[in-house]
Amino acid sequence: MEITQPIQAYSRALMEVCPEFNSEEITFMCNKVNVISLKANTIYLKAGEIQQSIAFSLKGLLRSFHINDKGEEITIDFTKENTYAADYDAFIKQKPSKYYIETLEPCLIVNVPFIGIQESCEKFKNCEKYRRLITEIYLTKVQNRINSFLFNNAEERYLNFISRNMDILNRISQAHLSSFLGVKRQTLTRIRKKIIQSI
């Protein structure tokens, strides 16, 4: 594979997580991926499908969501630049996903195939370390979300979200954000109004 500008950006992202990578390892991993461009509002993954590749966002925002038995979309996660979009548990076990993943903006994505990850980890110890570090980042994110529903009220969940995601706050709709926070849109509106008035 020709080392293009997106691939160079992806290789830098790999090094940021695992600085121990050498050029041979980076080249091997980058030779396993491909880069795609997607328009906004494109479904990247459908519930029931097996995700063959994990999506690394170089540019653009994605949303993971579940459709409940009432037909309502429940937002599970937002994926911004330099992070992966996946139903991670289903991906690593190669079983059908429970979630949809869609683009909220035009996106430039690095597709990292499951088989490429397996081959990289079998060949290089640092690749296995990288996979472990990414798993830890994902699990921490999931645990923080669980804790937010167990120990925080709606206003605290909103404040925690904006403290970690100020860069995407104006890039997501109120409907998607309220769904993610587990509140009605009217409740989110009241929370935002209260916070503005208190400043």
# chains A, B, ... in the order shown; residues from 1 in each chain; ligands from 1
>>> residues_around(residues="range 13-22 of chain A", least_positions_apart="2", cutoff="9 Å", atoms="only C-alpha atoms", output="VMD selection string")
chain A and resid 8 to 11 24 to 27 82 126 to 127 129 to 130 133 to 134
>>> closest_atom_pairs(of="range 77-130 of chain A", to="range 142-166 of chain A", cutoff="10 Å", atoms="only C-alpha atoms", output="JSON lines")
{"residue": "A:Asp77", "atom": "CA", "partner": "A:Val142", "partner_atom": "CA", "distance": 9.3}
{"residue": "A:Phe78", "atom": "CA", "partner": "A:Asn165", "partner_atom": "CA", "distance": 9.6}
{"residue": "A:Lys80", "atom": "CA", "partner": "A:Asn165", "partner_atom": "CA", "distance": 9.2}
>>> write_last_selection(atoms="N, CA, C and O atoms", output="short mmCIF file (atom, residue, chain, number, x, y, z; two decimals), in the first residue's frame")
data_model
loop_
_atom_site.label_atom_id
_atom_site.label_comp_id
_atom_site.auth_asym_id
_atom_site.auth_seq_id
_atom_site.Cartn_x
_atom_site.Cartn_y
_atom_site.Cartn_z
N ASP A 77 -23.01 5.94 21.99
CA ASP A 77 -21.67 6.51 21.99
C ASP A 77 -21.50 7.47 20.81
O ASP A 77 -22.23 7.38 19.81
N PHE A 78 -20.55 8.37 20.96
CA PHE A 78 -20.10 9.23 19.87
C PHE A 78 -18.63 8.95 19.63
O PHE A 78 -17.85 8.81 20.57
N LYS A 80 -15.36 10.52 17.91
CA LYS A 80 -14.77 11.69 17.27
C LYS A 80 -13.41 11.31 16.68
O LYS A 80 -13.02 10.14 16.68
#
>>> select_by_dssp(residues="range 33-191 of chain A", states="strand (DSSP E)", output="MDAnalysis selection string")
chainID A and resid 34:38 43:45 53:59 62:67 73:79 84:85 100:103 107:113
>>> write_last_selection(atoms="C-alpha atoms", output="PDB file, in the first residue's frame")
ATOM      1  CA  ASN A  34      -7.751   0.812   3.803  1.00  0.00           C
ATOM      2  CA  VAL A  35      -9.121   4.357   3.828  1.00  0.00           C
ATOM      3  CA  ILE A  36     -12.679   5.278   2.856  1.00  0.00           C
ATOM      4  CA  SER A  37     -14.713   8.477   2.694  1.00  0.00           C
ATOM      5  CA  LEU A  38     -18.352   8.434   3.783  1.00  0.00           C
ATOM      6  CA  ILE A  43     -24.851   3.654   8.017  1.00  0.00           C
ATOM      7  CA  TYR A  44     -21.402   2.144   8.610  1.00  0.00           C
ATOM      8  CA  LEU A  45     -22.657  -0.873  10.576  1.00  0.00           C
ATOM      9  CA  SER A  53     -13.362  -3.959  10.317  1.00  0.00           C
ATOM     10  CA  ILE A  54     -13.098  -1.504  13.174  1.00  0.00           C
ATOM     11  CA  ALA A  55     -13.444   2.142  12.073  1.00  0.00           C
ATOM     12  CA  PHE A  56     -10.797   4.671  13.073  1.00  0.00           C
ATOM     13  CA  SER A  57     -12.027   8.219  12.461  1.00  0.00           C
ATOM     14  CA  LEU A  58      -9.433  10.516  10.936  1.00  0.00           C
ATOM     15  CA  LYS A  59     -12.042  13.176  10.217  1.00  0.00           C
ATOM     16  CA  LEU A  62     -19.953   8.976  14.171  1.00  0.00           C
ATOM     17  CA  ARG A  63     -22.754   7.792  16.442  1.00  0.00           C
ATOM     18  CA  SER A  64     -23.492   4.311  17.800  1.00  0.00           C
ATOM     19  CA  PHE A  65     -27.104   3.572  18.665  1.00  0.00           C
ATOM     20  CA  HIS A  66     -29.619   0.861  19.470  1.00  0.00           C
ATOM     21  CA  ILE A  67     -33.237   0.705  18.308  1.00  0.00           C
ATOM     22  CA  GLU A  73     -33.099   5.222  18.779  1.00  0.00           C
ATOM     23  CA  ILE A  74     -30.984   5.100  21.949  1.00  0.00           C
ATOM     24  CA  THR A  75     -27.599   6.730  21.455  1.00  0.00           C
ATOM     25  CA  ILE A  76     -24.812   4.667  23.006  1.00  0.00           C
ATOM     26  CA  ASP A  77     -21.666   6.508  21.986  1.00  0.00           C
ATOM     27  CA  PHE A  78     -20.105   9.228  19.872  1.00  0.00           C
ATOM     28  CA  THR A  79     -16.855   8.620  18.022  1.00  0.00           C
ATOM     29  CA  TYR A  84     -12.418   3.873  17.079  1.00  0.00           C
ATOM     30  CA  ALA A  85     -16.077   3.196  16.304  1.00  0.00           C
ATOM     31  CA  TYR A 100     -25.931   0.588  14.443  1.00  0.00           C
ATOM     32  CA  ILE A 101     -23.064   2.943  13.657  1.00  0.00           C
ATOM     33  CA  GLU A 102     -23.740   5.964  11.447  1.00  0.00           C
ATOM     34  CA  THR A 103     -21.822   9.010  10.326  1.00  0.00           C
ATOM     35  CA  CYS A 107     -16.055  11.144   7.519  1.00  0.00           C
ATOM     36  CA  LEU A 108     -12.611   9.954   6.512  1.00  0.00           C
ATOM     37  CA  ILE A 109     -12.207   6.513   8.031  1.00  0.00           C
ATOM     38  CA  VAL A 110      -9.412   3.979   8.313  1.00  0.00           C
ATOM     39  CA  ASN A 111     -10.879   0.482   8.135  1.00  0.00           C
ATOM     40  CA  VAL A 112      -8.819  -1.891  10.286  1.00  0.00           C
ATOM     41  CA  PRO A 113      -9.824  -5.496   9.458  1.00  0.00           C
TER      42      PRO A 113
END
>>> closest_residue(among="A:Glu136, A:Asp167, A:Asp69, A:Asp87", to="Glu49 in chain A", atoms="only C-alpha atoms")
A:Asp87
>>> atom_distance(atom1="CA of Tyr138 in chain A", atom2="CA of Thr83 in chain A")
9.7 Å
>>> closest_residue(among="A:Ile117, A:Ala47, A:Leu181, A:Leu61", to="Lys98 in chain A", atoms="only C-alpha atoms")
A:Ala47
>>> atom_distance(atom1="CA of Lys39 in chain A", atom2="CA of Ser97 in chain A")
22.1 Å
>>> residues_around(residues="range 185-196 of chain A", least_positions_apart="2", cutoff="7 Å", atoms="only C-alpha atoms", output="PyMOL selection string")
chain A and resi 155+174-175+178+183+198-199
>>> write_last_selection(atoms="all heavy atoms", output="tab-separated table (two decimals), in the first residue's frame")
chain	number	residue	atom	x	y	z
A	155	GLU	N	-28.19	16.43	35.43
A	155	GLU	CA	-27.36	17.62	35.28
A	155	GLU	C	-25.88	17.29	35.40
A	155	GLU	O	-25.05	17.80	34.63
A	155	GLU	CB	-27.74	18.68	36.33
A	155	GLU	CG	-26.95	19.97	36.20
A	155	GLU	CD	-27.41	21.05	37.18
A	155	GLU	OE1	-28.58	21.00	37.62
A	155	GLU	OE2	-26.60	21.94	37.50
A	174	GLN	N	-29.47	18.04	19.72
A	174	GLN	CA	-30.02	17.94	21.07
A	174	GLN	C	-30.73	16.61	21.27
A	174	GLN	O	-30.69	16.03	22.36
A	174	GLN	CB	-30.98	19.10	21.34
A	174	GLN	CG	-31.44	19.20	22.79
A	174	GLN	CD	-32.07	20.53	23.11
A	174	GLN	OE1	-31.66	21.56	22.59
A	174	GLN	NE2	-33.07	20.54	23.98
A	175	ALA	N	-31.36	16.11	20.21
A	175	ALA	CA	-32.05	14.82	20.29
A	175	ALA	C	-31.07	13.69	20.58
A	175	ALA	O	-31.31	12.83	21.43
A	175	ALA	CB	-32.81	14.54	19.00
A	178	SER	N	-29.60	14.17	24.24
A	178	SER	CA	-30.54	13.81	25.30
A	178	SER	C	-30.72	12.30	25.38
A	178	SER	O	-30.82	11.74	26.47
A	178	SER	CB	-31.90	14.50	25.07
A	178	SER	OG	-32.45	14.14	23.82
A	183	VAL	N	-32.23	11.31	29.04
A	183	VAL	CA	-33.24	12.28	29.48
A	183	VAL	C	-34.10	12.70	28.28
A	183	VAL	O	-33.71	12.50	27.13
A	183	VAL	CB	-32.60	13.54	30.11
A	183	VAL	CG1	-31.79	13.16	31.33
A	183	VAL	CG2	-31.73	14.29	29.10
A	198	SER	N	-26.92	30.42	35.64
A	198	SER	CA	-26.06	30.42	36.83
A	198	SER	C	-24.68	31.00	36.56
A	198	SER	O	-23.91	31.25	37.48
A	198	SER	CB	-25.92	28.99	37.37
A	198	SER	OG	-25.20	28.17	36.46
A	199	ILE	N	-24.36	31.19	35.29
A	199	ILE	CA	-23.03	31.71	34.94
A	199	ILE	C	-22.97	33.22	35.18
A	199	ILE	O	-23.87	33.95	34.81
A	199	ILE	CB	-22.69	31.40	33.47
A	199	ILE	CG1	-22.58	29.88	33.25
A	199	ILE	CG2	-21.37	32.06	33.05
A	199	ILE	CD1	-22.37	29.47	31.84
>>> atom_distance(atom1="CA of Ala90 in chain A", atom2="CA of Gln52 in chain A")
10.2 Å
>>> residues_around(residues="Lys95 in chain A", least_positions_apart="4", cutoff="9 Å", atoms="only C-alpha atoms", output="count of residues only")
7
